[in-house]
Amino acid sequence: MELSWSTFVLEIINFLVLVWILKRFLYRPVLDIVDKRRQSINDELQQARQQRDEADRLKGEYENRLADWEQERQQLRDKLAEELDEERSRQLTALQEQLRSEQEKAAVSEQQRRAETSRQTELQALQQASGFAARLLQEASGPELETRLVELVLRDLDALPGDQLESLQTQWGDPPAKIDITSAFTLPAQQRQGLETALQRVTGLTPQFSYNKDDSLLAGLQISIGAWVLNMNLRDELKGFAEFAHVTH
């Protein structure tokens, strides 16, 4: 078989034309498609990287937010625990104060109860003593007791201090002209003389003396000088005991 150069040249030309055609109409579009696909993949990879970065950023923000929330929650727990401690302390203080107040009230109530019991005991004792004294005075009434009462009147008149004497002697508007002396028994002359002397001295008056007898006095005297009345008799003393017993009952 002989080699034909013309055929060989034509084959070469056909091959070059085919290569150009392939390059022009097939290889270039394929390359463009490949470039576009590569670009698309690069875009998708870039987008994926951006999404990954955004996800990482969001993850970081979320983790930071979680940390902030945990910190805020811990702060709230601490604050709540502090408020609970304060409230517990306040309630405990209030309870202690209430208990102390109740104890003080109970102590005051007990003290008042004891004081009332003591007062009632004292009043009962005073009532019994006043009743005993009243019965004793009634049984002891007589001329001898009246003599003793007259002596007490004379002693008290003689013991009046100077300021009381001055007050007594200057209190008269119109000096009374008479002094009434009432007794349960007839007074002896010696007692009358002693009373007149003492009364003239303490009153600074020189009045007439009127003597009366009143059995209801039981024993003792009632001296009237104008509006001024001196009672030193058993009847008024017993009346005082009765009034005291009535008031303390």
# chains A, B, ... in the order shown; residues from 1 in each chain; ligands from 1

$ select_by_dssp --residues "stretch 102-237 of chain A" --states "strand (DSSP E)" --output "MDAnalysis selection string"
chainID A and resid 178:183 208:213 220:225 228:233

$ write_last_selection --atoms "C-alpha atoms" --output "PDB file, in the first residue's frame"
ATOM      1  CA  LYS A 178     -69.726  82.311 171.099  1.00  0.00           C
ATOM      2  CA  ILE A 179     -68.015  78.944 171.015  1.00  0.00           C
ATOM      3  CA  ASP A 180     -70.241  75.877 171.290  1.00  0.00           C
ATOM      4  CA  ILE A 181     -68.781  72.825 172.995  1.00  0.00           C
ATOM      5  CA  THR A 182     -70.851  69.633 172.760  1.00  0.00           C
ATOM      6  CA  SER A 183     -69.922  66.492 174.694  1.00  0.00           C
ATOM      7  CA  GLN A 208     -68.698  83.225 175.547  1.00  0.00           C
ATOM      8  CA  PHE A 209     -68.689  79.433 175.884  1.00  0.00           C
ATOM      9  CA  SER A 210     -71.808  77.345 175.506  1.00  0.00           C
ATOM     10  CA  TYR A 211     -71.834  73.734 176.711  1.00  0.00           C
ATOM     11  CA  ASN A 212     -74.225  71.112 175.390  1.00  0.00           C
ATOM     12  CA  LYS A 213     -74.694  67.405 175.983  1.00  0.00           C
ATOM     13  CA  GLY A 220     -65.704  62.957 172.963  1.00  0.00           C
ATOM     14  CA  LEU A 221     -66.283  66.537 171.820  1.00  0.00           C
ATOM     15  CA  GLN A 222     -67.639  68.624 168.986  1.00  0.00           C
ATOM     16  CA  ILE A 223     -66.414  72.235 169.080  1.00  0.00           C
ATOM     17  CA  SER A 224     -68.065  74.833 166.804  1.00  0.00           C
ATOM     18  CA  ILE A 225     -66.427  78.250 166.314  1.00  0.00           C
ATOM     19  CA  TRP A 228     -65.094  76.074 161.944  1.00  0.00           C
ATOM     20  CA  VAL A 229     -65.942  72.695 163.524  1.00  0.00           C
ATOM     21  CA  LEU A 230     -63.573  70.401 165.399  1.00  0.00           C
ATOM     22  CA  ASN A 231     -64.770  66.820 165.804  1.00  0.00           C
ATOM     23  CA  MET A 232     -63.026  64.587 168.290  1.00  0.00           C
ATOM     24  CA  ASN A 233     -65.736  62.113 169.225  1.00  0.00           C
TER      25      ASN A 233
END

$ closest_atom_pairs --of "stretch 34-150 of chain A" --to "stretch 192-196 of chain A" --cutoff "12 Å" --atoms "only C-alpha atoms" --output "JSON lines"
{"residue": "A:Thr147", "atom": "CA", "partner": "A:Arg192", "partner_atom": "CA", "distance": 11.2}
{"residue": "A:Leu149", "atom": "CA", "partner": "A:Leu195", "partner_atom": "CA", "distance": 11.8}
{"residue": "A:Val150", "atom": "CA", "partner": "A:Leu195", "partner_atom": "CA", "distance": 8.2}

$ residues_around --residues "A:Leu168" --least-positions-apart "5" --cutoff "12 Å" --atoms "only C-alpha atoms" --output "number ranges by chain"
A: 157, 160-163, 173, 175, 199-205, 225-228

$ write_last_selection --atoms "C-alpha atoms" --output "CSV table (one decimal), in the first residue's frame"
chain,number,residue,atom,x,y,z
A,157,LEU,CA,-54.5,72.6,170.4
A,160,LEU,CA,-50.5,73.8,166.8
A,161,PRO,CA,-47.6,75.5,164.9
A,162,GLY,CA,-47.4,79.2,164.7
A,163,ASP,CA,-48.4,79.5,161.0
A,173,GLY,CA,-64.5,88.0,159.1
A,175,PRO,CA,-65.3,87.3,165.1
A,199,LEU,CA,-59.4,77.9,172.7
A,200,GLN,CA,-58.9,81.5,173.7
A,201,ARG,CA,-55.2,81.1,173.0
A,202,VAL,CA,-55.4,79.5,169.6
A,203,THR,CA,-58.3,81.6,168.3
A,204,GLY,CA,-57.2,85.0,169.8
A,205,LEU,CA,-60.9,85.5,170.8
A,225,ILE,CA,-66.4,78.2,166.3
A,226,GLY,CA,-68.5,80.0,163.7
A,227,ALA,CA,-68.1,78.0,160.5
A,228,TRP,CA,-65.1,76.1,161.9

$ atom_distance --atom1 "atom CA of A:Glu63" --atom2 "atom CA of A:Leu76"
19.3 Å

$ closest_residue --among "A:Leu18, A:Ile13, A:Leu31, A:Ala219" --to "A:Glu144" --atoms "only C-alpha atoms"
A:Ala219

$ atom_distance --atom1 "atom CA of A:Leu145" --atom2 "atom CA of A:Arg235"
12.6 Å

$ select_by_dssp --residues "stretch 52-213 of chain A" --states "helix (DSSP H, G or I)" --output "VMD selection string"
chain A and resid 52 to 140 143 to 158 162 to 169 189 to 203

$ atom_distance --atom1 "atom CA of A:Ala189" --atom2 "atom CA of A:Leu154"
14.6 Å

$ decode --residues "stretch 101-117 of chain A" --atoms "N, CA and C atoms" --output "short mmCIF file (atom, residue, chain, number, x, y, z; two decimals), in the first residue's frame"
data_model
loop_
_atom_site.label_atom_id
_atom_site.label_comp_id
_atom_site.auth_asym_id
_atom_site.auth_seq_id
_atom_site.Cartn_x
_atom_site.Cartn_y
_atom_site.Cartn_z
N SER A 101 -43.58 41.40 123.30
CA SER A 101 -44.73 42.22 123.67
C SER A 101 -45.75 41.40 124.46
N GLU A 102 -46.00 40.16 123.98
CA GLU A 102 -46.94 39.30 124.69
C GLU A 102 -46.43 38.97 126.09
N GLN A 103 -45.11 38.73 126.18
CA GLN A 103 -44.53 38.45 127.49
C GLN A 103 -44.65 39.65 128.42
N GLU A 104 -44.40 40.85 127.85
CA GLU A 104 -44.53 42.06 128.65
C GLU A 104 -45.98 42.26 129.09
N LYS A 105 -46.92 42.03 128.13
CA LYS A 105 -48.34 42.16 128.49
C LYS A 105 -48.71 41.15 129.57
N ALA A 106 -48.21 39.91 129.38
CA ALA A 106 -48.51 38.89 130.38
C ALA A 106 -47.92 39.27 131.73
N ALA A 107 -46.68 39.82 131.69
CA ALA A 107 -46.04 40.22 132.94
C ALA A 107 -46.81 41.36 133.60
N VAL A 108 -47.24 42.34 132.77
CA VAL A 108 -48.02 43.46 133.31
C VAL A 108 -49.34 42.96 133.85
N SER A 109 -49.99 42.04 133.08
CA SER A 109 -51.26 41.49 133.54
C SER A 109 -51.09 40.73 134.86
N GLU A 110 -50.00 39.94 134.93
CA GLU A 110 -49.74 39.20 136.16
C GLU A 110 -49.43 40.15 137.31
N GLN A 111 -48.67 41.21 137.00
CA GLN A 111 -48.36 42.19 138.03
C GLN A 111 -49.63 42.89 138.51
N GLN A 112 -50.50 43.25 137.54
CA GLN A 112 -51.76 43.88 137.90
C GLN A 112 -52.63 42.92 138.72
N ARG A 113 -52.61 41.63 138.31
CA ARG A 113 -53.41 40.65 139.05
C ARG A 113 -52.90 40.52 140.48
N ARG A 114 -51.56 40.46 140.60
CA ARG A 114 -50.99 40.35 141.95
C ARG A 114 -51.26 41.62 142.75
N ALA A 115 -51.14 42.77 142.06
CA ALA A 115 -51.40 44.04 142.75
C ALA A 115 -52.86 44.10 143.19
N GLU A 116 -53.77 43.63 142.30
CA GLU A 116 -55.19 43.64 142.65
C GLU A 116 -55.45 42.68 143.80
N THR A 117 -54.81 41.50 143.74
CA THR A 117 -54.97 40.53 144.83
C THR A 117 -54.44 41.12 146.14
#
